[in-house]
>>> print(open('target_13.tsv').read())   # TSV, C-alpha atoms and all ligand atoms
chain	number	residue	atom	x	y	z
A	4	MET	CA	-1.61	-40.43	-18.12
A	5	GLN	CA	-4.00	-37.54	-17.66
A	6	ASN	CA	-2.81	-33.98	-18.16
A	7	ILE	CA	-2.98	-31.59	-15.24
A	8	VAL	CA	-2.41	-27.96	-16.05
A	9	VAL	CA	-1.67	-25.61	-13.15
A	10	LEU	CA	-1.92	-21.83	-13.56
A	11	THR	CA	-0.19	-20.05	-10.69
A	12	GLY	CA	0.03	-16.42	-9.62
A	13	ALA	CA	1.75	-14.41	-6.92
A	14	GLY	CA	-0.37	-16.03	-4.19
A	15	ILE	CA	1.47	-19.35	-4.41
A	16	SER	CA	4.73	-17.63	-3.47
A	17	ALA	CA	3.19	-15.43	-0.74
A	18	GLU	CA	3.88	-17.99	1.99
A	19	SER	CA	7.51	-18.13	0.88
A	20	GLY	CA	7.71	-14.45	1.79
A	21	ILE	CA	7.32	-12.77	-1.62
A	22	ASN	CA	4.68	-10.02	-1.59
A	23	THR	CA	1.80	-10.23	-4.04
A	24	PHE	CA	1.19	-7.30	-6.40
A	25	ARG	CA	-2.26	-6.02	-5.60
A	26	ASP	CA	-2.38	-6.28	-1.83
A	27	ALA	CA	-0.85	-2.86	-1.02
A	28	ASN	CA	-3.11	-0.20	-2.56
A	29	GLY	CA	-2.00	-1.03	-6.07
A	30	LEU	CA	1.62	-0.41	-5.19
A	31	TRP	CA	4.34	-2.93	-5.79
A	32	GLU	CA	6.95	-2.69	-3.03
A	33	GLY	CA	6.09	1.02	-2.76
A	34	HIS	CA	6.12	1.76	-6.50
A	35	ASP	CA	3.45	2.51	-9.03
A	36	VAL	CA	3.64	-0.59	-11.26
A	37	MET	CA	3.91	1.53	-14.41
A	38	GLU	CA	7.04	3.17	-13.00
A	39	VAL	CA	8.91	-0.12	-12.66
A	40	ALA	CA	7.14	-2.56	-14.98
A	41	SER	CA	6.46	-0.82	-18.29
A	42	PRO	CA	8.49	0.21	-21.36
A	43	GLN	CA	7.74	3.87	-20.51
A	44	GLY	CA	9.09	3.38	-16.99
A	45	TRP	CA	12.25	1.85	-18.45
A	46	ARG	CA	12.73	4.77	-20.86
A	47	ASN	CA	12.06	7.37	-18.15
A	48	ASN	CA	14.28	5.95	-15.43
A	49	PRO	CA	16.23	2.80	-16.31
A	50	GLU	CA	18.30	3.04	-13.13
A	51	LEU	CA	15.20	2.88	-10.95
A	52	VAL	CA	13.89	-0.11	-12.92
A	53	LEU	CA	17.21	-1.96	-12.70
A	54	ASP	CA	17.46	-1.22	-9.00
A	55	PHE	CA	13.91	-2.47	-8.45
A	56	TYR	CA	14.58	-5.80	-10.19
A	57	ASN	CA	17.98	-6.09	-8.50
A	58	GLN	CA	16.16	-5.94	-5.16
A	59	ARG	CA	13.63	-8.54	-6.30
A	60	ARG	CA	16.49	-10.78	-7.54
A	61	SER	CA	18.45	-10.54	-4.31
A	62	GLN	CA	15.30	-11.23	-2.29
A	63	LEU	CA	14.77	-14.36	-4.36
A	64	HIS	CA	18.08	-15.73	-3.07
A	65	THR	CA	16.70	-15.49	0.49
A	66	VAL	CA	13.43	-17.40	0.03
A	67	THR	CA	12.61	-21.05	-0.57
A	68	PRO	CA	9.72	-23.02	-2.11
A	69	ASN	CA	6.82	-23.65	0.25
A	70	LYS	CA	4.62	-26.71	0.74
A	71	ALA	CA	2.31	-25.70	-2.12
A	72	HIS	CA	5.18	-25.66	-4.63
A	73	LEU	CA	6.41	-28.99	-3.24
A	74	ASP	CA	3.00	-30.69	-3.23
A	75	LEU	CA	2.54	-29.87	-6.92
A	76	VAL	CA	5.69	-31.89	-7.65
A	77	THR	CA	4.16	-35.03	-6.12
A	78	LEU	CA	1.37	-34.89	-8.71
A	79	GLU	CA	3.98	-35.96	-11.27
A	80	GLU	CA	3.82	-39.49	-9.78
A	81	LYS	CA	0.48	-40.03	-11.50
A	82	PHE	CA	-0.06	-37.21	-13.99
A	83	ASN	CA	1.57	-35.23	-16.76
A	84	VAL	CA	1.85	-31.90	-14.98
A	85	SER	CA	2.39	-28.59	-16.77
A	86	ILE	CA	2.82	-25.47	-14.69
A	87	ILE	CA	2.02	-22.17	-16.33
A	88	THR	CA	3.12	-19.46	-13.94
A	89	GLN	CA	2.70	-15.71	-14.00
A	90	ASN	CA	5.48	-15.50	-11.42
A	91	VAL	CA	8.99	-14.42	-12.28
A	92	ASP	CA	10.53	-16.32	-9.36
A	93	ASP	CA	12.07	-19.77	-9.77
A	94	LEU	CA	10.33	-21.47	-6.85
A	95	HIS	CA	8.51	-24.06	-8.98
A	96	GLU	CA	11.82	-25.11	-10.54
A	97	ARG	CA	13.59	-25.20	-7.18
A	98	ALA	CA	10.75	-27.30	-5.74
A	99	GLY	CA	11.42	-29.81	-8.54
A	100	SER	CA	8.60	-29.31	-11.05
A	101	SER	CA	9.63	-30.65	-14.45
A	102	ASN	CA	7.56	-28.52	-16.86
A	103	VAL	CA	7.32	-24.84	-16.04
A	104	ILE	CA	6.35	-22.07	-18.44
A	105	HIS	CA	6.87	-18.48	-17.34
A	106	LEU	CA	4.27	-16.27	-18.97
A	107	HIS	CA	5.71	-13.04	-17.58
A	108	GLY	CA	9.42	-13.76	-17.78
A	109	GLU	CA	12.06	-14.72	-15.25
A	110	LEU	CA	13.97	-12.70	-12.66
A	111	LEU	CA	17.09	-14.82	-13.11
A	112	LYS	CA	17.37	-14.02	-16.82
A	113	VAL	CA	18.16	-10.85	-18.74
A	114	ARG	CA	17.96	-10.09	-22.42
A	115	SER	CA	19.48	-7.86	-25.03
A	116	GLN	CA	17.62	-4.77	-26.18
A	117	PHE	CA	19.14	-5.34	-29.62
A	118	ASP	CA	17.88	-8.92	-30.01
A	119	GLU	CA	15.12	-10.12	-27.71
A	120	GLN	CA	15.97	-13.76	-28.48
A	121	LEU	CA	19.38	-13.18	-26.86
A	122	VAL	CA	18.59	-14.27	-23.29
A	123	LEU	CA	21.23	-14.83	-20.62
A	124	ASP	CA	21.14	-16.38	-17.15
A	125	TRP	CA	21.76	-13.65	-14.57
A	126	LYS	CA	22.10	-14.22	-10.83
A	127	HIS	CA	23.57	-10.91	-9.62
A	128	ASP	CA	22.78	-7.21	-10.04
A	129	LEU	CA	22.22	-5.75	-13.52
A	130	VAL	CA	23.46	-2.18	-14.03
A	131	LEU	CA	23.62	0.42	-16.78
A	132	GLY	CA	26.63	-0.49	-18.90
A	133	ASP	CA	26.02	-4.26	-18.75
A	134	HIS	CA	25.97	-4.96	-22.48
A	135	CYS	CA	25.29	-7.95	-24.72
A	136	GLU	CA	27.74	-9.13	-27.37
A	137	HIS	CA	26.22	-6.52	-29.76
A	138	ASN	CA	27.13	-3.79	-27.31
A	139	SER	CA	23.51	-3.13	-26.46
A	140	GLN	CA	22.20	-2.60	-22.90
A	141	LEU	CA	20.78	-5.70	-21.20
A	142	ARG	CA	17.33	-5.44	-19.60
A	143	PRO	CA	15.39	-7.67	-17.21
A	144	HIS	CA	13.77	-10.66	-19.00
A	145	ILE	CA	10.35	-9.62	-17.77
A	146	VAL	CA	7.13	-9.07	-19.71
A	147	TRP	CA	6.16	-5.53	-18.82
A	148	PHE	CA	2.70	-3.99	-19.03
A	149	GLY	CA	1.85	-3.27	-22.65
A	150	GLU	CA	4.31	-5.85	-24.01
A	151	ALA	CA	3.44	-9.01	-25.92
A	152	VAL	CA	3.36	-12.32	-24.04
A	153	PRO	CA	5.41	-14.62	-26.28
A	154	MET	CA	4.72	-17.79	-24.26
A	155	MET	CA	0.96	-17.35	-24.57
A	156	ASP	CA	0.52	-19.52	-27.70
A	157	GLN	CA	2.28	-22.43	-26.03
A	158	ALA	CA	0.25	-21.90	-22.84
A	159	ILE	CA	-3.00	-21.98	-24.83
A	160	LYS	CA	-2.05	-25.27	-26.54
A	161	ILE	CA	-1.22	-26.86	-23.19
A	162	THR	CA	-4.45	-25.61	-21.59
A	163	GLU	CA	-6.53	-26.99	-24.47
A	164	ARG	CA	-5.15	-30.46	-23.65
A	165	ALA	CA	-5.92	-30.22	-19.90
A	166	ASP	CA	-7.93	-33.04	-18.32
A	167	ILE	CA	-7.82	-31.17	-15.00
A	168	LEU	CA	-7.06	-27.48	-14.43
A	169	MET	CA	-5.82	-26.00	-11.15
A	170	ILE	CA	-5.62	-22.23	-10.63
A	171	ILE	CA	-3.72	-21.05	-7.57
A	172	GLY	CA	-3.18	-17.62	-6.01
A	173	THR	CA	-4.07	-15.21	-8.76
A	174	SER	CA	-6.42	-12.22	-8.82
A	175	MET	CA	-7.35	-13.06	-12.46
A	176	GLN	CA	-6.97	-9.37	-13.30
A	177	VAL	CA	-4.17	-9.48	-15.81
A	178	TYR	CA	-4.80	-10.53	-19.39
A	179	PRO	CA	-4.09	-12.50	-21.47
A	180	ALA	CA	-3.07	-14.85	-18.61
A	181	ALA	CA	-6.46	-14.65	-16.89
A	182	GLY	CA	-8.16	-15.64	-20.15
A	183	LEU	CA	-6.40	-19.02	-20.30
A	184	ILE	CA	-9.27	-20.69	-18.43
A	185	GLN	CA	-11.43	-20.12	-21.52
A	186	TYR	CA	-9.26	-22.53	-23.49
A	187	ALA	CA	-9.94	-25.54	-21.25
A	188	LYS	CA	-12.45	-28.03	-22.65
A	189	HIS	CA	-15.97	-27.40	-21.39
A	190	GLN	CA	-16.12	-30.50	-19.15
A	191	THR	CA	-12.63	-30.05	-17.63
A	192	PRO	CA	-12.78	-29.98	-13.82
A	193	VAL	CA	-11.31	-26.72	-12.50
A	194	TYR	CA	-9.96	-26.26	-8.96
A	195	PHE	CA	-9.48	-22.64	-7.88
A	196	ILE	CA	-7.42	-22.10	-4.73
A	197	ASP	CA	-7.20	-18.55	-3.36
A	198	PRO	CA	-8.21	-17.01	-0.01
A	199	ASN	CA	-10.02	-14.31	-1.96
A	200	PRO	CA	-11.21	-16.14	-5.08
A	201	ALA	CA	-12.18	-13.89	-7.99
A	202	ILE	CA	-14.12	-16.29	-10.18
A	203	SER	CA	-17.76	-16.83	-11.09
A	204	PRO	CA	-19.23	-20.22	-10.19
A	205	THR	CA	-19.62	-22.70	-13.06
A	206	GLU	CA	-20.62	-26.34	-13.30
A	207	HIS	CA	-17.20	-27.98	-13.18
A	208	LEU	CA	-15.57	-25.51	-10.79
A	209	THR	CA	-14.48	-26.31	-7.22
A	210	VAL	CA	-13.37	-23.27	-5.20
A	211	LEU	CA	-11.17	-23.60	-2.12
A	212	SER	CA	-11.14	-20.21	-0.38
A	213	GLU	CA	-7.88	-20.73	1.44
A	214	LYS	CA	-4.15	-20.28	1.34
A	215	ALA	CA	-2.09	-22.17	-1.18
A	216	THR	CA	-0.27	-24.37	1.35
A	217	THR	CA	-3.49	-25.86	2.74
A	218	GLY	CA	-5.66	-25.72	-0.40
A	219	VAL	CA	-3.12	-27.36	-2.71
A	220	ALA	CA	-2.53	-30.17	-0.20
A	221	LYS	CA	-6.25	-30.99	-0.18
A	222	VAL	CA	-6.58	-31.06	-3.96
A	223	VAL	CA	-3.38	-33.07	-4.40
A	224	ASP	CA	-4.55	-35.63	-1.81
A	225	GLU	CA	-7.86	-35.96	-3.64
A	226	LEU	CA	-6.22	-36.35	-7.04
A	227	LEU	CA	-3.61	-38.86	-5.88
A	228	GLY	CA	-6.35	-40.80	-4.09
B	1	LIG	N1	-2.22	-18.43	-0.99
B	1	LIG	C1	-2.92	-18.32	-2.15
B	1	LIG	N2	-3.29	-17.15	-2.67
B	1	LIG	C2	-2.97	-16.04	-2.00
B	1	LIG	C3	-2.23	-16.06	-0.81
B	1	LIG	C4	-1.87	-17.33	-0.29
B	1	LIG	N3	-1.18	-17.47	0.85
B	1	LIG	N4	-2.06	-14.77	-0.39
B	1	LIG	C5	-2.64	-13.99	-1.32
B	1	LIG	N5	-3.20	-14.74	-2.28
B	1	LIG	C6	-3.93	-14.34	-3.49
B	1	LIG	C7	-4.71	-13.04	-3.39
B	1	LIG	O1	-6.00	-13.29	-2.84
B	1	LIG	C8	-4.81	-12.64	-4.87
B	1	LIG	O2	-5.96	-13.21	-5.50
B	1	LIG	O3	-2.98	-14.12	-4.50
B	1	LIG	C9	-3.54	-13.26	-5.48
B	1	LIG	C10	-2.49	-12.26	-5.86
B	1	LIG	O4	-2.98	-11.44	-6.86
B	1	LIG	P1	-2.02	-10.43	-7.63
B	1	LIG	O5	-1.21	-9.70	-6.63
B	1	LIG	O6	-2.87	-9.64	-8.54
B	1	LIG	O7	-1.03	-11.41	-8.43
B	1	LIG	P2	-1.23	-12.10	-9.84
B	1	LIG	O8	-2.65	-12.49	-10.08
B	1	LIG	O9	-0.20	-13.17	-9.93
B	1	LIG	O10	-0.83	-10.92	-10.82
B	1	LIG	C11	-0.77	-11.17	-12.19
B	1	LIG	O11	0.12	-8.99	-12.61
B	1	LIG	O12	1.55	-7.31	-11.90
B	1	LIG	C12	1.35	-8.33	-12.82
B	1	LIG	O13	2.95	-9.50	-14.04
B	1	LIG	C13	2.44	-9.36	-12.74
B	1	LIG	O14	2.29	-11.75	-12.94
B	1	LIG	C14	1.71	-10.61	-12.34
B	1	LIG	C15	0.31	-10.37	-12.83
>>> encode(input="target_13.tsv", output="structure tokens")
Amino acid sequence: MQNIVVLTGAGISAESGINTFRDANGLWEGHDVMEVASPQGWRNNPELVLDFYNQRRSQLHTVTPNKAHLDLVTLEEKFNVSIITQNVDDLHERAGSSNVIHLHGELLKVRSQFDEQLVLDWKHDLVLGDHCEHNSQLRPHIVWFGEAVPMMDQAIKITERADILMIIGTSMQVYPAAGLIQYAKHQTPVYFIDPNPAISPTEHLTVLSEKATTGVAKVVDELLG
């Protein structure tokens, strides 16, 4: 079976009703991203950060996977599919995708400040005073700006083995995630699906300048023949 690697960004979840990051003057739900998504922001105002992610978590309970998430699952009939997502939502998992790597963490998990390997499932609000077994404050299990991306090594290995690469709904502005494309073999066909595609043309690249729900359907139809 051939390996398909799919890199997704906020755009794939846009049609489920989750706002992308860079579409509102650089603000994320009204906040400067550094205020709510950086270690400095956490030190300065942990309550604001917790409240912000609590809102994102409760919103997640109100949305569902869209056709693009679901169409990617059908690729598993004929291919080994690995999804590498920058999204912190769980819509790929809920759609039914089997192999999902979250480069930037997960909204439905929290971790200990004392031991970052101590990760817990978390479906409700997180507040100051919610402690791990070492009596240390729990924080969102999110990779904030300026923090290392622990899943990157695994993502690179998977991308190196890609026979086909799909990139969906990402502005390709945030590294190291945006650099993953460099690890695909030179001759690997790349499909880029985004209504506002930020990518330079190359030999093996097919760009579909459209929304995820329509663009993914076209590529999946082509690949499943
Ligand atoms: N279908 C597909 N793509 C869409 C849609 C849609 N319906 N609507 C918007 N887009 C595209 C936009 O054109 C843009 O290229 O989604 C992309 C969203 O870009 P960003 O908001 O920058 O999101 P992303 O690339 O995922 O951001 C990367 O930045 O803030 C951090 O950690 C956060 O994971 C995030 C990372």
>>> residues_near_ligand(input="target_13.tsv", ligand="ligand LIG 1 (chain B)", cutoff="9 Å", atoms="only C-alpha atoms and all ligand atoms", output="PDB file with C-alpha atoms, in the frame of the given file")
ATOM      1  CA  THR A  11      -0.190 -20.050 -10.690  1.00  0.00           C
ATOM      2  CA  GLY A  12       0.030 -16.420  -9.620  1.00  0.00           C
ATOM      3  CA  ALA A  13       1.750 -14.410  -6.920  1.00  0.00           C
ATOM      4  CA  GLY A  14      -0.370 -16.030  -4.190  1.00  0.00           C
ATOM      5  CA  ILE A  15       1.470 -19.350  -4.410  1.00  0.00           C
ATOM      6  CA  SER A  16       4.730 -17.630  -3.470  1.00  0.00           C
ATOM      7  CA  ALA A  17       3.190 -15.430  -0.740  1.00  0.00           C
ATOM      8  CA  GLU A  18       3.880 -17.990   1.990  1.00  0.00           C
ATOM      9  CA  SER A  19       7.510 -18.130   0.880  1.00  0.00           C
ATOM     10  CA  ASN A  22       4.680 -10.020  -1.590  1.00  0.00           C
ATOM     11  CA  THR A  23       1.800 -10.230  -4.040  1.00  0.00           C
ATOM     12  CA  PHE A  24       1.190  -7.300  -6.400  1.00  0.00           C
ATOM     13  CA  ARG A  25      -2.260  -6.020  -5.600  1.00  0.00           C
ATOM     14  CA  ASP A  26      -2.380  -6.280  -1.830  1.00  0.00           C
ATOM     15  CA  ALA A  27      -0.850  -2.860  -1.020  1.00  0.00           C
ATOM     16  CA  GLY A  29      -2.000  -1.030  -6.070  1.00  0.00           C
ATOM     17  CA  TRP A  31       4.340  -2.930  -5.790  1.00  0.00           C
ATOM     18  CA  VAL A  36       3.640  -0.590 -11.260  1.00  0.00           C
ATOM     19  CA  ALA A  40       7.140  -2.560 -14.980  1.00  0.00           C
ATOM     20  CA  ALA A  71       2.310 -25.700  -2.120  1.00  0.00           C
ATOM     21  CA  THR A  88       3.120 -19.460 -13.940  1.00  0.00           C
ATOM     22  CA  GLN A  89       2.700 -15.710 -14.000  1.00  0.00           C
ATOM     23  CA  ASN A  90       5.480 -15.500 -11.420  1.00  0.00           C
ATOM     24  CA  VAL A  91       8.990 -14.420 -12.280  1.00  0.00           C
ATOM     25  CA  LEU A 106       4.270 -16.270 -18.970  1.00  0.00           C
ATOM     26  CA  HIS A 107       5.710 -13.040 -17.580  1.00  0.00           C
ATOM     27  CA  GLY A 108       9.420 -13.760 -17.780  1.00  0.00           C
ATOM     28  CA  ILE A 145      10.350  -9.620 -17.770  1.00  0.00           C
ATOM     29  CA  VAL A 146       7.130  -9.070 -19.710  1.00  0.00           C
ATOM     30  CA  TRP A 147       6.160  -5.530 -18.820  1.00  0.00           C
ATOM     31  CA  PHE A 148       2.700  -3.990 -19.030  1.00  0.00           C
ATOM     32  CA  ILE A 171      -3.720 -21.050  -7.570  1.00  0.00           C
ATOM     33  CA  GLY A 172      -3.180 -17.620  -6.010  1.00  0.00           C
ATOM     34  CA  THR A 173      -4.070 -15.210  -8.760  1.00  0.00           C
ATOM     35  CA  SER A 174      -6.420 -12.220  -8.820  1.00  0.00           C
ATOM     36  CA  MET A 175      -7.350 -13.060 -12.460  1.00  0.00           C
ATOM     37  CA  GLN A 176      -6.970  -9.370 -13.300  1.00  0.00           C
ATOM     38  CA  VAL A 177      -4.170  -9.480 -15.810  1.00  0.00           C
ATOM     39  CA  TYR A 178      -4.800 -10.530 -19.390  1.00  0.00           C
ATOM     40  CA  ALA A 180      -3.070 -14.850 -18.610  1.00  0.00           C
ATOM     41  CA  ALA A 181      -6.460 -14.650 -16.890  1.00  0.00           C
ATOM     42  CA  ILE A 196      -7.420 -22.100  -4.730  1.00  0.00           C
ATOM     43  CA  ASP A 197      -7.200 -18.550  -3.360  1.00  0.00           C
ATOM     44  CA  PRO A 198      -8.210 -17.010  -0.010  1.00  0.00           C
ATOM     45  CA  ASN A 199     -10.020 -14.310  -1.960  1.00  0.00           C
ATOM     46  CA  PRO A 200     -11.210 -16.140  -5.080  1.00  0.00           C
ATOM     47  CA  ALA A 201     -12.180 -13.890  -7.990  1.00  0.00           C
ATOM     48  CA  SER A 212     -11.140 -20.210  -0.380  1.00  0.00           C
ATOM     49  CA  GLU A 213      -7.880 -20.730   1.440  1.00  0.00           C
ATOM     50  CA  LYS A 214      -4.150 -20.280   1.340  1.00  0.00           C
ATOM     51  CA  ALA A 215      -2.090 -22.170  -1.180  1.00  0.00           C
ATOM     52  CA  THR A 216      -0.270 -24.370   1.350  1.00  0.00           C
ATOM     53  CA  THR A 217      -3.490 -25.860   2.740  1.00  0.00           C
ATOM     54  CA  GLY A 218      -5.660 -25.720  -0.400  1.00  0.00           C
TER      55      GLY A 218
END
>>> residues_around(input="target_13.tsv", residues="Leu131 in chain A", least_positions_apart="6", cutoff="10 Å", atoms="only C-alpha atoms", output="PyMOL selection string")
chain A and resi 49-50+53+140-142
>>> write_last_selection(input="target_13.tsv", atoms="C-alpha atoms", output="short mmCIF file (atom, residue, chain, number, x, y, z; two decimals), in the coordinates of the input")
data_model
loop_
_atom_site.label_atom_id
_atom_site.label_comp_id
_atom_site.auth_asym_id
_atom_site.auth_seq_id
_atom_site.Cartn_x
_atom_site.Cartn_y
_atom_site.Cartn_z
CA PRO A 49 16.23 2.80 -16.31
CA GLU A 50 18.30 3.04 -13.13
CA LEU A 53 17.21 -1.96 -12.70
CA GLN A 140 22.20 -2.60 -22.90
CA LEU A 141 20.78 -5.70 -21.20
CA ARG A 142 17.33 -5.44 -19.60
#
>>> atom_distance(input="target_13.tsv", atom1="CA of Lys112 in chain A", atom2="CA of Lys126 in chain A")
7.6 Å
>>> residues_around(input="target_13.tsv", residues="Leu123 in chain A", least_positions_apart="5", cutoff="12 Å", atoms="only C-alpha atoms", output="ChimeraX atom specification")
/A:109-115,118,129,133-136,141-144
>>> atom_distance(input="target_13.tsv", atom1="CA of Ile21 in chain A", atom2="CA of His34 in chain A")
15.4 Å
>>> closest_residue(input="target_13.tsv", among="A:Val8, A:Pro153, A:Gly228, A:His95", to="Asp74 in chain A", atoms="all atoms listed in the file")
A:His95
>>> residues_around(input="target_13.tsv", residues="Val84 in chain A", least_positions_apart="2", cutoff="10 Å", atoms="all atoms listed in the file", output="list in words")
Met4, Gln5, Asn6, Ile7, Val8, Val9, Leu75, Val76, Thr77, Leu78, Glu79, Glu80, Lys81, Phe82, Ile86, Ile87, Ser100, Ser101, Asn102, Val103, Ala165, Ile167 and Leu168 of chain A
>>> atom_distance(input="target_13.tsv", atom1="CA of Thr65 in chain A", atom2="CA of Ile104 in chain A")
22.6 Å
>>> residues_near_point(input="target_13.tsv", point="(-4.9, -26.6, -26.3)", cutoff="12 Å", atoms="all atoms listed in the file", output="list in words")
Asn6, Val8, Met155, Asp156, Gln157, Ala158, Ile159, Lys160, Ile161, Thr162, Glu163, Arg164, Ala165, Asp166, Leu183, Ile184, Gln185, Tyr186, Ala187 and Lys188 of chain A
>>> residues_around(input="target_13.tsv", residues="Ala98 in chain A", least_positions_apart="5", cutoff="7 Å", atoms="all atoms listed in the file", output="list in words")
Pro68, His72 and Leu73 of chain A
>>> closest_residue(input="target_13.tsv", among="A:Ser85, A:His105, A:Leu94, A:Met37", to="His64 in chain A", atoms="all atoms listed in the file")
A:Leu94
>>> residues_around(input="target_13.tsv", residues="Val52 in chain A", least_positions_apart="5", cutoff="8 Å", atoms="all atoms listed in the file", output="list of chain:residue names")
A:Glu38, A:Val39, A:Ala40, A:Gly44, A:Trp45
>>> axis_aligned_box(input="target_13.tsv", around="range 64-75 of chain A", padding_each_side="5 Å", output="JSON")
{"center_x": 10.2, "center_y": -23.1, "center_z": -3.1, "size_x": 25.8, "size_y": 25.2, "size_z": 17.7}
>>> residues_near_point(input="target_13.tsv", point="(-21.7, -24.6, -16.1)", cutoff="12 Å", atoms="all atoms listed in the file", output="short mmCIF file (atom, residue, chain, number, x, y, z; two decimals) with C-alpha atoms, keeping the file's coordinate frame")
data_model
loop_
_atom_site.label_atom_id
_atom_site.label_comp_id
_atom_site.auth_asym_id
_atom_site.auth_seq_id
_atom_site.Cartn_x
_atom_site.Cartn_y
_atom_site.Cartn_z
CA LYS A 188 -12.45 -28.03 -22.65
CA HIS A 189 -15.97 -27.40 -21.39
CA GLN A 190 -16.12 -30.50 -19.15
CA THR A 191 -12.63 -30.05 -17.63
CA PRO A 192 -12.78 -29.98 -13.82
CA VAL A 193 -11.31 -26.72 -12.50
CA SER A 203 -17.76 -16.83 -11.09
CA PRO A 204 -19.23 -20.22 -10.19
CA THR A 205 -19.62 -22.70 -13.06
CA GLU A 206 -20.62 -26.34 -13.30
CA HIS A 207 -17.20 -27.98 -13.18
CA LEU A 208 -15.57 -25.51 -10.79
CA THR A 209 -14.48 -26.31 -7.22
#
>>> build_atoms(input="target_13.tsv", residues="range 177-194 of chain A", atoms="N, CA and C atoms", output="mmCIF file, keeping the file's coordinate frame")
data_model
loop_
_atom_site.group_PDB
_atom_site.id
_atom_site.type_symbol
_atom_site.label_atom_id
_atom_site.label_comp_id
_atom_site.auth_asym_id
_atom_site.auth_seq_id
_atom_site.Cartn_x
_atom_site.Cartn_y
_atom_site.Cartn_z
ATOM 1 N N VAL A 177 -5.110 -9.853 -14.764
ATOM 2 C CA VAL A 177 -4.170 -9.480 -15.810
ATOM 3 C C VAL A 177 -4.318 -10.404 -17.018
ATOM 4 N N TYR A 178 -4.637 -9.785 -18.146
ATOM 5 C CA TYR A 178 -4.800 -10.530 -19.390
ATOM 6 C C TYR A 178 -3.543 -10.400 -20.239
ATOM 7 N N PRO A 179 -3.243 -11.358 -21.103
ATOM 8 C CA PRO A 179 -4.090 -12.500 -21.470
ATOM 9 C C PRO A 179 -4.066 -13.668 -20.505
ATOM 10 N N ALA A 180 -3.192 -13.671 -19.484
ATOM 11 C CA ALA A 180 -3.070 -14.850 -18.610
ATOM 12 C C ALA A 180 -4.425 -15.279 -18.039
ATOM 13 N N ALA A 181 -5.207 -14.313 -17.545
ATOM 14 C CA ALA A 181 -6.460 -14.650 -16.890
ATOM 15 C C ALA A 181 -7.459 -15.296 -17.864
ATOM 16 N N GLY A 182 -7.261 -15.076 -19.147
ATOM 17 C CA GLY A 182 -8.160 -15.640 -20.150
ATOM 18 C C GLY A 182 -7.860 -17.094 -20.488
ATOM 19 N N LEU A 183 -6.779 -17.642 -19.954
ATOM 20 C CA LEU A 183 -6.400 -19.020 -20.300
ATOM 21 C C LEU A 183 -7.504 -20.023 -19.954
ATOM 22 N N ILE A 184 -8.220 -19.770 -18.874
ATOM 23 C CA ILE A 184 -9.270 -20.690 -18.430
ATOM 24 C C ILE A 184 -10.293 -20.947 -19.545
ATOM 25 N N GLN A 185 -10.463 -19.976 -20.421
ATOM 26 C CA GLN A 185 -11.430 -20.120 -21.520
ATOM 27 C C GLN A 185 -11.013 -21.196 -22.522
ATOM 28 N N TYR A 186 -9.752 -21.564 -22.502
ATOM 29 C CA TYR A 186 -9.260 -22.530 -23.490
ATOM 30 C C TYR A 186 -9.379 -23.968 -22.999
ATOM 31 N N ALA A 187 -9.746 -24.171 -21.742
ATOM 32 C CA ALA A 187 -9.940 -25.540 -21.250
ATOM 33 C C ALA A 187 -11.218 -26.093 -21.867
ATOM 34 N N LYS A 188 -11.239 -27.410 -22.100
ATOM 35 C CA LYS A 188 -12.450 -28.030 -22.650
ATOM 36 C C LYS A 188 -13.603 -27.804 -21.657
ATOM 37 N N HIS A 189 -14.802 -27.764 -22.199
ATOM 38 C CA HIS A 189 -15.970 -27.400 -21.390
ATOM 39 C C HIS A 189 -16.111 -28.268 -20.135
ATOM 40 N N GLN A 190 -15.860 -29.574 -20.281
ATOM 41 C CA GLN A 190 -16.120 -30.500 -19.150
ATOM 42 C C GLN A 190 -14.925 -30.639 -18.209
ATOM 43 N N THR A 191 -13.832 -29.910 -18.467
ATOM 44 C CA THR A 191 -12.630 -30.050 -17.630
ATOM 45 C C THR A 191 -12.892 -29.585 -16.194
ATOM 46 N N PRO A 192 -12.637 -30.446 -15.199
ATOM 47 C CA PRO A 192 -12.780 -29.980 -13.820
ATOM 48 C C PRO A 192 -11.741 -28.879 -13.517
ATOM 49 N N VAL A 193 -12.206 -27.832 -12.855
ATOM 50 C CA VAL A 193 -11.310 -26.720 -12.500
ATOM 51 C C VAL A 193 -11.291 -26.561 -10.981
ATOM 52 N N TYR A 194 -10.109 -26.536 -10.389
ATOM 53 C CA TYR A 194 -9.960 -26.260 -8.960
ATOM 54 C C TYR A 194 -9.348 -24.865 -8.841
#
